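Heads up: the structure comes next, in structure tokens.
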Amino acid sequence: MDHRTDLELLQAIQERADRNALGALYDRYGRKVFALAYGILKNKDDAEDVLQEVFERVWKKSHTFRCELGEAKYWILRITHNRSINLLKARSLRMTQSTDTATGGTLAEIKKAESANTVEVASDFDIGGYVQTALKSLPEDQRRLIELAFFKGFSHSEIAQNEQLPLGTVKTRIRNGIQRLRAELQFLKN
């Protein structure tokens, strides 16, 4: 087990192209990266692709990490979130284009049908189960907006428009929901 800090591991990757340092980061965060990607994408193969892309990016872009902006694990999880959302949006765009051609449906109609057909996914990872349980404990208005923002990739403005809510209300509900989730999942921090 490598006892270097995350920052030391990133510096070793940047300065010496230390593959062992990358392996240590993978051992620490690979499971969390996969769980987050799987939670967003709901597809094992896509989550595995994101997992690989995330650690390729860590390898190639370790120099872009800024410790003054937060911990390395959150940087890695942010890369995961962004990659997953980009893949989800690309998939949705392809599906929308083919559905528009086939049915003549509008993007708003497709998004509404897609959100109505959301399927809960049981993850093999404990962290996924904890997050799902914590999400279920939120009031419906907060949970729905958080799912749209973080698992569907909608911006706050898109959510406000689709849900016919003021933008400030959307932001407040998401912030309050995240604060409750953070408190409930505090034990996962370590």
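Lettering and numbering for the structure tokens are positional, with chains as A, B, ... in the shown order, residues counted from 1 in each chain, and ligands counted from 1 in the shown order.
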Item to complete: Name all residues at most 10 Å from Asp49 (chain A) (count only C-alpha atoms; drop same-chain ones fewer than 4 positions away) and give them as a ChimeraX atom specification.
Response: /A:34,37,44-45,53-54,83-84,87
Writing out the chosen residues with N, CA and C atoms as a PDB file, in the first residue's frame:
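Result written to out_27.pdb:
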```
ATOM      1  N   PHE A  34     -15.990   4.497 -10.615  1.00  0.00           N
ATOM      2  CA  PHE A  34     -16.912   3.604 -11.306  1.00  0.00           C
ATOM      3  C   PHE A  34     -18.332   3.761 -10.754  1.00  0.00           C
ATOM      4  N   ALA A  37     -19.869   7.046 -12.007  1.00  0.00           N
ATOM      5  CA  ALA A  37     -20.185   6.952 -13.435  1.00  0.00           C
ATOM      6  C   ALA A  37     -21.381   6.028 -13.665  1.00  0.00           C
ATOM      7  N   LYS A  44     -23.007  -0.464 -17.276  1.00  0.00           N
ATOM      8  CA  LYS A  44     -21.708  -0.940 -16.811  1.00  0.00           C
ATOM      9  C   LYS A  44     -20.592  -0.662 -17.819  1.00  0.00           C
ATOM     10  N   ASP A  45     -20.848  -0.950 -19.087  1.00  0.00           N
ATOM     11  CA  ASP A  45     -19.811  -0.740 -20.106  1.00  0.00           C
ATOM     12  C   ASP A  45     -19.427   0.736 -20.229  1.00  0.00           C
ATOM     13  N   GLU A  53     -11.195   6.560 -19.041  1.00  0.00           N
ATOM     14  CA  GLU A  53     -10.938   7.919 -19.502  1.00  0.00           C
ATOM     15  C   GLU A  53     -10.486   8.831 -18.354  1.00  0.00           C
ATOM     16  N   VAL A  54     -11.091   8.656 -17.194  1.00  0.00           N
ATOM     17  CA  VAL A  54     -10.753   9.504 -16.045  1.00  0.00           C
ATOM     18  C   VAL A  54      -9.289   9.313 -15.670  1.00  0.00           C
ATOM     19  N   ARG A  83     -17.221  13.803 -17.395  1.00  0.00           N
ATOM     20  CA  ARG A  83     -17.139  12.810 -18.475  1.00  0.00           C
ATOM     21  C   ARG A  83     -18.454  12.040 -18.610  1.00  0.00           C
ATOM     22  N   SER A  84     -19.029  11.677 -17.476  1.00  0.00           N
ATOM     23  CA  SER A  84     -20.286  10.918 -17.483  1.00  0.00           C
ATOM     24  C   SER A  84     -21.422  11.748 -18.069  1.00  0.00           C
ATOM     25  N   LEU A  87     -21.011  12.101 -21.803  1.00  0.00           N
ATOM     26  CA  LEU A  87     -21.424  10.866 -22.481  1.00  0.00           C
ATOM     27  C   LEU A  87     -22.942  10.741 -22.479  1.00  0.00           C
TER      28      LEU A  87
END
```
Dump as CSV the rows for residues of region 13-72 of chain A within 9 Å of region 128-139 of chain A: closest atom pair and distance in Å with one decimal, only C-alpha atoms counted, ordered by chain and rising residue number.
```
residue,atom,partner,partner_atom,distance
A:Ala35,CA,A:Gly128,CA,6.3
A:Leu36,CA,A:Gly128,CA,7.7
A:Tyr38,CA,A:Gly128,CA,8.8
A:Gly39,CA,A:Gly128,CA,6.9
```
Worksheet item: CA of Asn86 (chain A) and CA of Val50 (chain A), how far apart in Å?
Response: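 Computed distance, CA of Val50 (chain A) to CA of Asn86 (chain A), equals 10.2 Å.
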Discussion item. Quick one: residues within 12 Å of Arg57 (chain A), only C-alpha atoms, excluding same-chain residues fewer than 2 positions away - as a list in words?
Written reply: Leu10, Ile13, Gln14, Leu22, Val50, Leu51, Gln52, Glu53, Val54, Phe55, Trp59, Lys60, Lys61, Ser62, His63, Thr64, Phe65, Trp75, Ile76, Leu77, Arg78, Ile79, Thr80, Asn82 and Arg83 of chain A
